[in-house]
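Structure data (TSV, C-alpha atoms) from upload36.tsv:
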chain	number	residue	atom	x	y	z
A	1451	MET	CA	-20.27	-58.55	79.85
A	1452	GLN	CA	-17.21	-57.19	78.05
A	1453	SER	CA	-14.04	-58.14	79.87
A	1454	PRO	CA	-11.85	-55.12	80.70
A	1455	SER	CA	-8.91	-56.94	79.11
A	1456	THR	CA	-10.78	-57.67	75.87
A	1457	PRO	CA	-10.34	-54.92	73.30
A	1458	VAL	CA	-13.53	-53.42	71.88
A	1459	PRO	CA	-13.73	-54.60	68.27
A	1460	ASP	CA	-13.40	-52.06	65.48
A	1461	VAL	CA	-15.41	-54.36	63.23
A	1462	SER	CA	-17.36	-57.59	63.64
A	1463	VAL	CA	-17.42	-60.28	60.97
A	1464	ILE	CA	-20.22	-62.86	60.89
A	1465	LEU	CA	-19.08	-66.26	59.60
A	1466	PRO	CA	-22.09	-68.61	59.26
A	1467	CYS	CA	-20.86	-72.22	59.47
A	1468	ALA	CA	-24.02	-74.01	60.61
A	1469	GLY	CA	-25.25	-75.19	57.21
A	1470	ASP	CA	-25.59	-78.89	56.50
A	1471	GLY	CA	-23.84	-78.68	53.13
A	1472	THR	CA	-26.09	-81.32	51.57
A	1473	ARG	CA	-25.31	-80.09	48.04
A	1474	PHE	CA	-21.60	-80.48	48.70
A	1475	GLY	CA	-22.02	-84.23	49.14
A	1476	ALA	CA	-18.74	-84.97	50.96
A	1477	PRO	CA	-18.16	-86.59	54.37
A	1478	TYR	CA	-16.56	-83.38	55.70
A	1479	PRO	CA	-17.68	-79.73	55.87
A	1480	LYS	CA	-17.44	-77.91	52.54
A	1481	GLU	CA	-15.41	-75.10	54.11
A	1482	LEU	CA	-12.67	-77.64	54.99
A	1483	HIS	CA	-12.32	-78.80	51.37
A	1484	CYS	CA	-8.60	-78.71	50.53
A	1485	LEU	CA	-7.57	-76.40	47.68
A	1486	ALA	CA	-3.80	-76.73	48.12
A	1487	PRO	CA	-1.50	-78.35	50.68
A	1488	GLY	CA	-2.51	-76.85	54.04
A	1489	VAL	CA	-5.03	-74.46	52.46
A	1490	THR	CA	-8.80	-74.95	52.68
A	1491	VAL	CA	-11.78	-73.09	51.25
A	1492	LEU	CA	-12.20	-71.55	54.70
A	1493	ASP	CA	-8.65	-70.17	54.65
A	1494	ARG	CA	-9.30	-68.57	51.28
A	1495	SER	CA	-12.65	-67.13	52.35
A	1496	LEU	CA	-10.99	-65.53	55.40
A	1497	GLU	CA	-8.15	-63.88	53.47
A	1498	ALA	CA	-9.97	-60.54	53.32
A	1499	VAL	CA	-10.73	-60.75	57.05
A	1500	VAL	CA	-7.08	-61.45	57.82
A	1501	GLU	CA	-6.28	-58.33	55.80
A	1502	LEU	CA	-8.52	-56.31	58.15
A	1503	ALA	CA	-6.46	-57.49	61.11
A	1504	LYS	CA	-3.21	-56.72	59.27
A	1505	SER	CA	-4.45	-53.17	58.71
A	1506	GLY	CA	-4.51	-52.68	62.49
A	1507	LEU	CA	-8.22	-53.19	63.16
A	1508	ASN	CA	-9.41	-55.24	66.11
A	1509	VAL	CA	-11.59	-57.86	64.42
A	1510	ARG	CA	-14.25	-59.89	66.21
A	1511	LEU	CA	-15.09	-63.03	64.24
A	1512	VAL	CA	-18.55	-64.32	65.22
A	1513	VAL	CA	-18.76	-67.94	64.11
A	1514	VAL	CA	-22.23	-69.50	63.93
A	1515	PHE	CA	-22.12	-73.29	64.09
A	1516	GLY	CA	-24.01	-76.47	64.93
A	1517	THR	CA	-22.94	-79.66	66.65
A	1518	HIS	CA	-22.09	-81.21	63.27
A	1519	LYS	CA	-19.43	-78.52	62.69
A	1520	LEU	CA	-17.04	-79.19	65.56
A	1521	ASP	CA	-14.26	-79.97	63.07
A	1522	THR	CA	-14.63	-76.47	61.70
A	1523	VAL	CA	-14.53	-75.01	65.22
A	1524	SER	CA	-11.29	-76.92	65.87
A	1525	TYR	CA	-9.80	-75.80	62.57
A	1526	LEU	CA	-10.42	-72.15	63.39
A	1527	ALA	CA	-8.05	-72.42	66.37
A	1528	ARG	CA	-5.27	-71.47	63.96
A	1529	TYR	CA	-6.76	-67.96	63.86
A	1530	ALA	CA	-6.88	-67.48	67.63
A	1531	ASP	CA	-3.99	-65.00	67.53
A	1532	THR	CA	-5.44	-63.10	64.57
A	1533	PHE	CA	-9.04	-62.45	65.59
A	1534	GLN	CA	-11.09	-62.11	68.72
A	1535	MET	CA	-13.33	-65.13	68.15
A	1536	VAL	CA	-16.84	-65.77	69.48
A	1537	PHE	CA	-18.66	-69.04	68.81
A	1538	VAL	CA	-22.46	-69.08	68.76
A	1539	TYR	CA	-24.81	-72.02	68.25
A	1540	GLN	CA	-27.44	-71.27	65.64
A	1541	ASP	CA	-30.52	-70.50	67.72
A	1542	GLU	CA	-33.57	-72.37	66.40
A	1543	SER	CA	-35.79	-69.51	67.59
A	1544	CYS	CA	-33.98	-67.25	65.10
A	1545	GLY	CA	-35.13	-69.41	62.20
A	1546	PRO	CA	-33.32	-71.79	59.87
A	1547	GLY	CA	-30.97	-71.00	57.03
A	1548	LEU	CA	-28.53	-68.19	56.52
A	1549	ASP	CA	-30.88	-65.48	57.75
A	1550	GLY	CA	-31.35	-67.42	61.01
A	1551	ALA	CA	-27.59	-67.74	61.37
A	1552	ILE	CA	-27.20	-63.99	60.97
A	1553	ARG	CA	-29.87	-63.31	63.61
A	1554	SER	CA	-28.08	-65.69	65.98
A	1555	ALA	CA	-24.82	-63.79	65.52
A	1556	LEU	CA	-26.04	-60.19	65.67
A	1557	PRO	CA	-26.25	-59.91	69.50
A	1558	MET	CA	-22.51	-60.67	69.65
A	1559	THR	CA	-21.49	-58.02	67.11
A	1560	GLN	CA	-20.14	-54.57	67.87
A	1561	GLY	CA	-19.24	-51.80	65.46
A	1562	PRO	CA	-19.74	-52.07	61.70
A	1563	VAL	CA	-20.54	-55.61	60.57
A	1564	ALA	CA	-19.34	-57.65	57.61
A	1565	LEU	CA	-20.93	-60.86	56.38
A	1566	VAL	CA	-18.41	-63.38	55.01
A	1567	LEU	CA	-19.51	-66.82	53.84
A	1568	PRO	CA	-17.18	-69.76	54.50
A	1569	ASP	CA	-17.85	-71.41	51.12
A	1570	ILE	CA	-17.42	-68.27	48.99
A	1571	VAL	CA	-13.95	-67.28	47.78
A	1572	VAL	CA	-13.31	-63.88	46.25
A	1573	ALA	CA	-10.72	-64.23	43.50
A	1574	GLY	CA	-8.29	-61.78	41.90
A	1575	SER	CA	-4.96	-60.15	42.66
A	1576	ASP	CA	-6.51	-56.96	44.04
A	1577	THR	CA	-9.15	-58.60	46.23
A	1578	PRO	CA	-7.58	-59.01	49.72
A	1579	GLY	CA	-8.16	-55.34	50.55
A	1580	LYS	CA	-11.68	-55.15	49.10
A	1581	LEU	CA	-13.44	-55.85	52.40
A	1582	LEU	CA	-11.49	-53.02	54.03
A	1583	ASP	CA	-12.54	-50.77	51.15
A	1584	ALA	CA	-16.15	-51.89	51.61
A	1585	LEU	CA	-16.07	-51.00	55.30
A	1586	ARG	CA	-14.77	-47.55	54.44
A	1587	GLN	CA	-17.65	-47.10	52.01
A	1588	VAL	CA	-20.31	-47.82	54.63
A	1589	GLU	CA	-19.26	-44.71	56.51
A	1590	VAL	CA	-20.84	-42.77	53.64
A	1591	ALA	CA	-23.36	-45.10	52.02
A	1592	GLY	CA	-24.45	-47.27	54.98
A	1593	TRP	CA	-24.16	-50.48	52.94
A	1594	SER	CA	-21.61	-51.87	50.51
A	1595	VAL	CA	-21.03	-55.14	48.71
A	1596	VAL	CA	-18.05	-56.90	47.18
A	1597	ALA	CA	-19.46	-58.29	43.94
A	1598	ALA	CA	-18.56	-59.92	40.64
A	1599	GLU	CA	-20.13	-59.40	37.25
A	1600	GLU	CA	-22.22	-62.36	36.09
A	1601	ARG	CA	-24.54	-62.84	33.11
A	1602	ASP	CA	-25.19	-66.58	33.34
A	1603	HIS	CA	-28.77	-67.10	34.49
A	1604	ASP	CA	-28.13	-70.50	36.07
A	1605	THR	CA	-25.39	-69.01	38.26
A	1606	LEU	CA	-27.51	-66.00	39.24
A	1607	ARG	CA	-30.36	-68.30	40.33
A	1608	GLN	CA	-28.02	-69.79	42.97
A	1609	MET	CA	-26.60	-66.55	44.34
A	1610	GLY	CA	-27.46	-63.18	45.83
A	1611	ALA	CA	-28.20	-61.49	42.52
A	1612	LEU	CA	-27.65	-57.78	41.96
A	1613	ALA	CA	-28.44	-55.23	39.29
A	1614	VAL	CA	-25.38	-52.98	39.35
A	1615	ALA	CA	-25.14	-49.72	37.44
A	1616	GLU	CA	-22.94	-46.63	37.49
A	1617	ALA	CA	-24.36	-43.45	38.91
A	1618	GLY	CA	-22.25	-40.33	39.34
A	1619	GLY	CA	-19.05	-42.29	38.85
A	1620	VAL	CA	-19.97	-44.80	41.58
A	1621	LEU	CA	-21.28	-48.33	41.06
A	1622	THR	CA	-24.46	-48.87	43.05
A	1623	VAL	CA	-27.02	-51.63	43.48
A	1624	GLY	CA	-30.36	-50.85	41.84
A	1625	ALA	CA	-32.03	-54.17	42.67
A	1626	ALA	CA	-31.12	-57.19	44.80
A	1627	THR	CA	-32.77	-60.57	45.28
A	1628	ASP	CA	-31.45	-63.80	46.76
A	1629	LYS	CA	-31.64	-66.77	44.35
A	1630	PRO	CA	-34.11	-65.15	41.93
A	1631	ALA	CA	-36.47	-67.40	39.98
A	1632	ASP	CA	-36.22	-64.91	37.13
A	1633	PRO	CA	-32.61	-63.63	36.91
A	1634	SER	CA	-33.22	-61.38	33.91
A	1635	GLY	CA	-32.26	-57.83	34.75
A	1636	PHE	CA	-29.48	-58.89	37.10
A	1637	ASN	CA	-25.83	-58.61	36.08
A	1638	ALA	CA	-23.79	-59.46	39.20
A	1639	PHE	CA	-23.83	-61.26	42.54
A	1640	TRP	CA	-22.34	-60.44	45.92
A	1641	GLY	CA	-19.63	-62.29	47.81
A	1642	MET	CA	-19.30	-60.13	50.95
A	1643	VAL	CA	-21.49	-57.49	52.56
A	1644	ALA	CA	-20.57	-54.63	54.89
A	1645	VAL	CA	-22.97	-52.48	56.90
A	1646	THR	CA	-22.92	-49.85	59.63
A	1647	GLU	CA	-23.63	-50.85	63.22
A	1648	ARG	CA	-26.86	-48.83	63.09
A	1649	GLU	CA	-28.17	-50.76	60.05
A	1650	ALA	CA	-26.82	-54.20	60.98
A	1651	HIS	CA	-30.20	-55.36	62.33
A	1652	ARG	CA	-31.42	-55.45	58.71
A	1653	LEU	CA	-28.66	-57.83	57.62
A	1654	PRO	CA	-30.90	-60.95	57.68
A	1655	ASP	CA	-33.14	-59.24	55.09
A	1656	VAL	CA	-30.29	-59.51	52.59
A	1657	MET	CA	-31.48	-63.11	52.11
A	1658	GLY	CA	-35.04	-61.95	51.38
A	1659	MET	CA	-36.87	-61.49	48.12
A	1660	GLY	CA	-38.12	-58.35	46.43
A	1661	THR	CA	-37.63	-54.61	46.68
A	1662	ALA	CA	-37.29	-54.54	50.49
A	1663	ASN	CA	-33.76	-55.96	50.20
A	1664	PRO	CA	-31.49	-53.52	52.10
A	1665	LEU	CA	-28.72	-53.93	49.52
A	1666	VAL	CA	-30.63	-51.64	47.16
A	1667	GLY	CA	-28.59	-48.44	47.09
A	1668	ALA	CA	-25.42	-50.11	48.37
A	1669	VAL	CA	-22.06	-49.22	46.86
A	1670	ALA	CA	-20.71	-52.11	44.78
A	1671	LEU	CA	-16.98	-52.87	44.72
A	1672	MET	CA	-16.28	-55.20	41.81
A	1673	VAL	CA	-13.71	-58.03	41.77
A	1674	GLU	CA	-12.47	-60.38	39.06
A	1675	GLY	CA	-14.51	-63.34	40.23
A	1676	ILE	CA	-16.26	-65.08	43.09
A	1677	VAL	CA	-16.19	-68.87	43.43
A	1678	ASN	CA	-19.01	-70.71	45.20
A	1679	TYR	CA	-17.82	-74.00	46.73
A	1680	ASN	CA	-21.27	-75.45	47.37
A	1681	THR	CA	-20.24	-78.41	45.24
A	1682	PRO	CA	-16.84	-80.13	45.45
A	1683	ALA	CA	-14.32	-79.48	42.71
A	1684	GLY	CA	-13.61	-82.39	40.45
Here is the file; what I need is its structure written in the form of structure tokens.
Amino acid sequence: MQSPSTPVPDVSVILPCAGDGTRFGAPYPKELHCLAPGVTVLDRSLEAVVELAKSGLNVRLVVVFGTHKLDTVSYLARYADTFQMVFVYQDESCGPGLDGAIRSALPMTQGPVALVLPDIVVAGSDTPGKLLDALRQVEVAGWSVVAAEERDHDTLRQMGALAVAEAGGVLTVGAATDKPADPSGFNAFWGMVAVTEREAHRLPDVMGMGTANPLVGAVALMVEGIVNYNTPAG
């Protein structure tokens, strides 16, 4: 039950941190990889979410984790004064993987929902406000993505691939598939997703294959680059 003293969130952000990170191959969670003194991948991935709070929105951060990610839970304490934080174990009945993590988080969300991945960093000088822009777009389009142009097939096979084209002066997603076996026809990949509260139940399908992907028709907001930290730098 919502506590009377707890503000109703204006937006909920799902942060899935329950992955094993086997590809990362380090003895610590990939999101805690240090990029600069006192700055981790997780800090960089949350920059756009911090910007939401700075804009005056009440942000609920729904963190999905497993018992092997208690270091990440402890690290997030530094954001206790920035977000309203909820921690949820990934429910095995919701399925494995990222789609299962999203299903575990959805009951704790309220308002429009954004999906932010802890090992994905959106790069570029104009990017901190892109998630806020994406949330504004969902009021009209229902779905929006923060994406980067990409032509390399090997990269597209590892990401949520998009076919982005301009229509009526707006960039929209014509096709979307997660980790496509055949990346031909795709020219971008997403780094963050925003969706209305009404459509949020379809968010796990973003990880699906084929034409049923709910990102088809989404507004695409392009950024300079998106870095995937699934493997350690150096």
Counting all atoms listed in the file, I want the residues whose atoms come within 12 Å of (-17.9, -80.6, 65.1) in the file frame, returned as a count of residues only. 20
With range 1494-1505 of chain A as the partner and 8 Å as the cut-off, tabulate the residues of range 1551-1622 of chain A that qualify, each row holding the nearest pair of atoms and their distance in Å to one decimal, using only C-alpha atoms, sorted by chain and rising number, as CSV.
residue,atom,partner,partner_atom,distance
A:Val1566,CA,A:Ser1495,CA,7.4
A:Leu1567,CA,A:Ser1495,CA,7.0
A:Pro1568,CA,A:Ser1495,CA,5.7
A:Asp1569,CA,A:Ser1495,CA,6.8
A:Ile1570,CA,A:Ser1495,CA,5.9
A:Val1571,CA,A:Ser1495,CA,4.8
A:Val1572,CA,A:Ser1495,CA,6.9
A:Thr1577,CA,A:Ala1498,CA,7.4
A:Pro1578,CA,A:Ala1498,CA,4.6
A:Gly1579,CA,A:Ala1498,CA,6.2
A:Lys1580,CA,A:Ala1498,CA,7.1
A:Leu1581,CA,A:Ala1498,CA,5.9
A:Leu1582,CA,A:Leu1502,CA,6.1
Taking (-26.3, -60.3, 65.7) in the file's coordinates, which residues come within 9 Å, counting all atoms listed in the file, written as a list in words?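 Residues satisfying the cut-off, written out: Ile1464, Val1512, Ala1551, Ile1552, Arg1553, Ser1554, Ala1555, Leu1556, Pro1557, Met1558, Thr1559, Gln1560, Ala1650, His1651 and Leu1653 of chain A.
Nearest residue to Gly1619 in chain A among A:Val1669, A:Val1645, A:Met1657, A:Ala1573 is A:Val1669, counting all atoms listed in the file.
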Within 6 Å of Val1563 in chain A, counting only C-alpha atoms, which residues qualify if same-chain residues fewer than 3 places away don't, as a PDB file with C-alpha atoms, in the coordinates of the input?
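Resulting contents of result39.pdb:
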ATOM      1  CA  VAL A1461     -15.410 -54.360  63.230  1.00  0.00           C
ATOM      2  CA  SER A1462     -17.360 -57.590  63.640  1.00  0.00           C
ATOM      3  CA  VAL A1463     -17.420 -60.280  60.970  1.00  0.00           C
ATOM      4  CA  ALA A1644     -20.570 -54.630  54.890  1.00  0.00           C
ATOM      5  CA  VAL A1645     -22.970 -52.480  56.900  1.00  0.00           C
TER       6      VAL A1645
END
List every residue of range 1620-1654 of chain A that has an atom at most 10 Å from any atom of range 1598-1604 of chain A, and for each one report the closest atom pair and its distance in Å to one decimal, counting all atoms listed in the file, with rows sorted by chain and then by increasing residue number, as CSV.
residue,atom,partner,partner_atom,distance
A:Lys1629,CA,A:Asp1604,CA,9.7
A:Pro1630,CA,A:His1603,CA,9.4
A:Ala1631,CA,A:His1603,CA,9.5
A:Asp1632,CA,A:His1603,CA,8.2
A:Pro1633,CA,A:His1603,CA,5.7
A:Ser1634,CA,A:His1603,CA,7.3
A:Gly1635,CA,A:Arg1601,CA,9.3
A:Phe1636,CA,A:Arg1601,CA,7.5
A:Asn1637,CA,A:Glu1600,CA,5.2
A:Ala1638,CA,A:Glu1599,CA,4.1
A:Phe1639,CA,A:Ala1598,CA,5.8
A:Trp1640,CA,A:Ala1598,CA,6.5
A:Gly1641,CA,A:Ala1598,CA,7.6
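In this structure, CA of Val1595 in chain A sits 7.8 Å away from CA of Leu1665 in chain A.
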From the set A:Thr1605, A:Asn1663, A:Ser1594, A:Thr1456, which residue has the shortest atom-to-atom contact distance to Val1536 in chain A, counting all atoms listed in the file?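 When distances to Val1536 in chain A are compared using all atoms listed in the file, the smallest one comes from A:Thr1456.
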What does the distance from CA of Thr1646 in chain A to CA of Ala1591 in chain A come to in Å, to one decimal?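 Here the two named atoms are 9.0 Å from each other.
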Which is closer to Phe1537 in chain A than all the others in A:Val1677, A:Val1513, A:Val1590, A:Leu1671, using all atoms listed in the file?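 Residue with the minimum atom-to-atom distance to Phe1537 in chain A: A:Val1513.
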What is the distance between CA of Ala1486 in chain A and CA of Arg1528 in chain A, in Å to one decimal?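 CA of Arg1528 in chain A lies 16.8 Å from CA of Ala1486 in chain A.
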Across A:Met1535, A:Leu1565, A:Val1509, A:Ala1668, the smallest distance to Val1458 in chain A, with only C-alpha atoms counted, is shown by A:Val1509
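When only C-alpha atoms are used to compute distances to Asn1680 in chain A, the closest of the residues A:Gly1618, A:Asp1531, A:Met1609, A:Ala1564 turns out to be A:Met1609.
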Using all atoms of range 1505-1518 of chain A listed in the file and a margin of 8 Å per side, can you give the axis-aligned box centre and edge lengths in Å to one decimal, as JSON?
{"center_x": -14.2, "center_y": -66.9, "center_z": 62.7, "size_x": 35.6, "size_y": 44.5, "size_z": 23.9}
Where atoms are missing, can you supply N, CA and C atoms for range 1491-1520 of chain A and output the lot as a PDB file, in the coordinates of the input?
ATOM      1  N   VAL A1491     -10.852 -74.130  51.696  1.00  0.00           N
ATOM      2  CA  VAL A1491     -11.780 -73.090  51.250  1.00  0.00           C
ATOM      3  C   VAL A1491     -11.949 -72.035  52.340  1.00  0.00           C
ATOM      4  N   LEU A1492     -12.034 -72.476  53.585  1.00  0.00           N
ATOM      5  CA  LEU A1492     -12.200 -71.550  54.700  1.00  0.00           C
ATOM      6  C   LEU A1492     -11.033 -70.573  54.796  1.00  0.00           C
ATOM      7  N   ASP A1493      -9.818 -71.056  54.619  1.00  0.00           N
ATOM      8  CA  ASP A1493      -8.650 -70.170  54.650  1.00  0.00           C
ATOM      9  C   ASP A1493      -8.760 -69.095  53.563  1.00  0.00           C
ATOM     10  N   ARG A1494      -9.186 -69.520  52.385  1.00  0.00           N
ATOM     11  CA  ARG A1494      -9.300 -68.570  51.280  1.00  0.00           C
ATOM     12  C   ARG A1494     -10.427 -67.559  51.524  1.00  0.00           C
ATOM     13  N   SER A1495     -11.528 -68.031  52.100  1.00  0.00           N
ATOM     14  CA  SER A1495     -12.650 -67.130  52.350  1.00  0.00           C
ATOM     15  C   SER A1495     -12.309 -66.099  53.425  1.00  0.00           C
ATOM     16  N   LEU A1496     -11.365 -66.438  54.310  1.00  0.00           N
ATOM     17  CA  LEU A1496     -10.990 -65.530  55.400  1.00  0.00           C
ATOM     18  C   LEU A1496      -9.830 -64.598  55.043  1.00  0.00           C
ATOM     19  N   GLU A1497      -9.304 -64.705  53.834  1.00  0.00           N
ATOM     20  CA  GLU A1497      -8.150 -63.880  53.470  1.00  0.00           C
ATOM     21  C   GLU A1497      -8.445 -62.380  53.628  1.00  0.00           C
ATOM     22  N   ALA A1498      -9.624 -61.958  53.208  1.00  0.00           N
ATOM     23  CA  ALA A1498      -9.970 -60.540  53.320  1.00  0.00           C
ATOM     24  C   ALA A1498     -10.138 -60.120  54.776  1.00  0.00           C
ATOM     25  N   VAL A1499     -10.566 -61.047  55.630  1.00  0.00           N
ATOM     26  CA  VAL A1499     -10.730 -60.750  57.050  1.00  0.00           C
ATOM     27  C   VAL A1499      -9.352 -60.659  57.722  1.00  0.00           C
ATOM     28  N   VAL A1500      -8.451 -61.525  57.327  1.00  0.00           N
ATOM     29  CA  VAL A1500      -7.080 -61.450  57.820  1.00  0.00           C
ATOM     30  C   VAL A1500      -6.469 -60.099  57.455  1.00  0.00           C
ATOM     31  N   GLU A1501      -6.795 -59.622  56.252  1.00  0.00           N
ATOM     32  CA  GLU A1501      -6.280 -58.330  55.800  1.00  0.00           C
ATOM     33  C   GLU A1501      -6.777 -57.198  56.699  1.00  0.00           C
ATOM     34  N   LEU A1502      -8.006 -57.319  57.199  1.00  0.00           N
ATOM     35  CA  LEU A1502      -8.520 -56.310  58.150  1.00  0.00           C
ATOM     36  C   LEU A1502      -7.645 -56.250  59.389  1.00  0.00           C
ATOM     37  N   ALA A1503      -7.301 -57.435  59.916  1.00  0.00           N
ATOM     38  CA  ALA A1503      -6.460 -57.490  61.110  1.00  0.00           C
ATOM     39  C   ALA A1503      -5.066 -56.936  60.824  1.00  0.00           C
ATOM     40  N   LYS A1504      -4.535 -57.229  59.638  1.00  0.00           N
ATOM     41  CA  LYS A1504      -3.210 -56.720  59.270  1.00  0.00           C
ATOM     42  C   LYS A1504      -3.196 -55.202  59.166  1.00  0.00           C
ATOM     43  N   SER A1505      -4.363 -54.627  58.847  1.00  0.00           N
ATOM     44  CA  SER A1505      -4.450 -53.170  58.710  1.00  0.00           C
ATOM     45  C   SER A1505      -4.436 -52.460  60.066  1.00  0.00           C
ATOM     46  N   GLY A1506      -4.531 -53.246  61.150  1.00  0.00           N
ATOM     47  CA  GLY A1506      -4.510 -52.680  62.490  1.00  0.00           C
ATOM     48  C   GLY A1506      -5.849 -52.664  63.193  1.00  0.00           C
ATOM     49  N   LEU A1507      -6.897 -53.150  62.540  1.00  0.00           N
ATOM     50  CA  LEU A1507      -8.220 -53.190  63.160  1.00  0.00           C
ATOM     51  C   LEU A1507      -8.326 -54.357  64.127  1.00  0.00           C
ATOM     52  N   ASN A1508      -9.040 -54.138  65.225  1.00  0.00           N
ATOM     53  CA  ASN A1508      -9.410 -55.240  66.110  1.00  0.00           C
ATOM     54  C   ASN A1508     -10.650 -55.903  65.537  1.00  0.00           C
ATOM     55  N   VAL A1509     -10.519 -57.156  65.118  1.00  0.00           N
ATOM     56  CA  VAL A1509     -11.590 -57.860  64.420  1.00  0.00           C
ATOM     57  C   VAL A1509     -12.211 -58.912  65.337  1.00  0.00           C
ATOM     58  N   ARG A1510     -13.524 -58.832  65.500  1.00  0.00           N
ATOM     59  CA  ARG A1510     -14.250 -59.890  66.210  1.00  0.00           C
ATOM     60  C   ARG A1510     -14.897 -60.787  65.169  1.00  0.00           C
ATOM     61  N   LEU A1511     -14.518 -62.051  65.154  1.00  0.00           N
ATOM     62  CA  LEU A1511     -15.090 -63.030  64.240  1.00  0.00           C
ATOM     63  C   LEU A1511     -16.176 -63.807  64.995  1.00  0.00           C
ATOM     64  N   VAL A1512     -17.424 -63.631  64.582  1.00  0.00           N
ATOM     65  CA  VAL A1512     -18.550 -64.320  65.220  1.00  0.00           C
ATOM     66  C   VAL A1512     -18.901 -65.516  64.361  1.00  0.00           C
ATOM     67  N   VAL A1513     -18.573 -66.695  64.845  1.00  0.00           N
ATOM     68  CA  VAL A1513     -18.760 -67.940  64.110  1.00  0.00           C
ATOM     69  C   VAL A1513     -20.059 -68.597  64.558  1.00  0.00           C
ATOM     70  N   VAL A1514     -20.966 -68.824  63.625  1.00  0.00           N
ATOM     71  CA  VAL A1514     -22.230 -69.500  63.930  1.00  0.00           C
ATOM     72  C   VAL A1514     -22.087 -70.955  63.488  1.00  0.00           C
ATOM     73  N   PHE A1515     -22.357 -71.884  64.408  1.00  0.00           N
ATOM     74  CA  PHE A1515     -22.120 -73.290  64.090  1.00  0.00           C
ATOM     75  C   PHE A1515     -23.182 -74.176  64.727  1.00  0.00           C
ATOM     76  N   GLY A1516     -23.170 -75.440  64.334  1.00  0.00           N
ATOM     77  CA  GLY A1516     -24.010 -76.470  64.930  1.00  0.00           C
ATOM     78  C   GLY A1516     -23.132 -77.605  65.418  1.00  0.00           C
ATOM     79  N   THR A1517     -23.733 -78.573  66.072  1.00  0.00           N
ATOM     80  CA  THR A1517     -22.940 -79.660  66.650  1.00  0.00           C
ATOM     81  C   THR A1517     -22.231 -80.492  65.587  1.00  0.00           C
ATOM     82  N   HIS A1518     -22.716 -80.446  64.354  1.00  0.00           N
ATOM     83  CA  HIS A1518     -22.090 -81.210  63.270  1.00  0.00           C
ATOM     84  C   HIS A1518     -20.874 -80.483  62.690  1.00  0.00           C
ATOM     85  N   LYS A1519     -20.543 -79.306  63.228  1.00  0.00           N
ATOM     86  CA  LYS A1519     -19.430 -78.520  62.690  1.00  0.00           C
ATOM     87  C   LYS A1519     -18.286 -78.342  63.682  1.00  0.00           C
ATOM     88  N   LEU A1520     -18.105 -79.310  64.570  1.00  0.00           N
ATOM     89  CA  LEU A1520     -17.040 -79.190  65.560  1.00  0.00           C
ATOM     90  C   LEU A1520     -15.653 -79.265  64.915  1.00  0.00           C
TER      91      LEU A1520
END
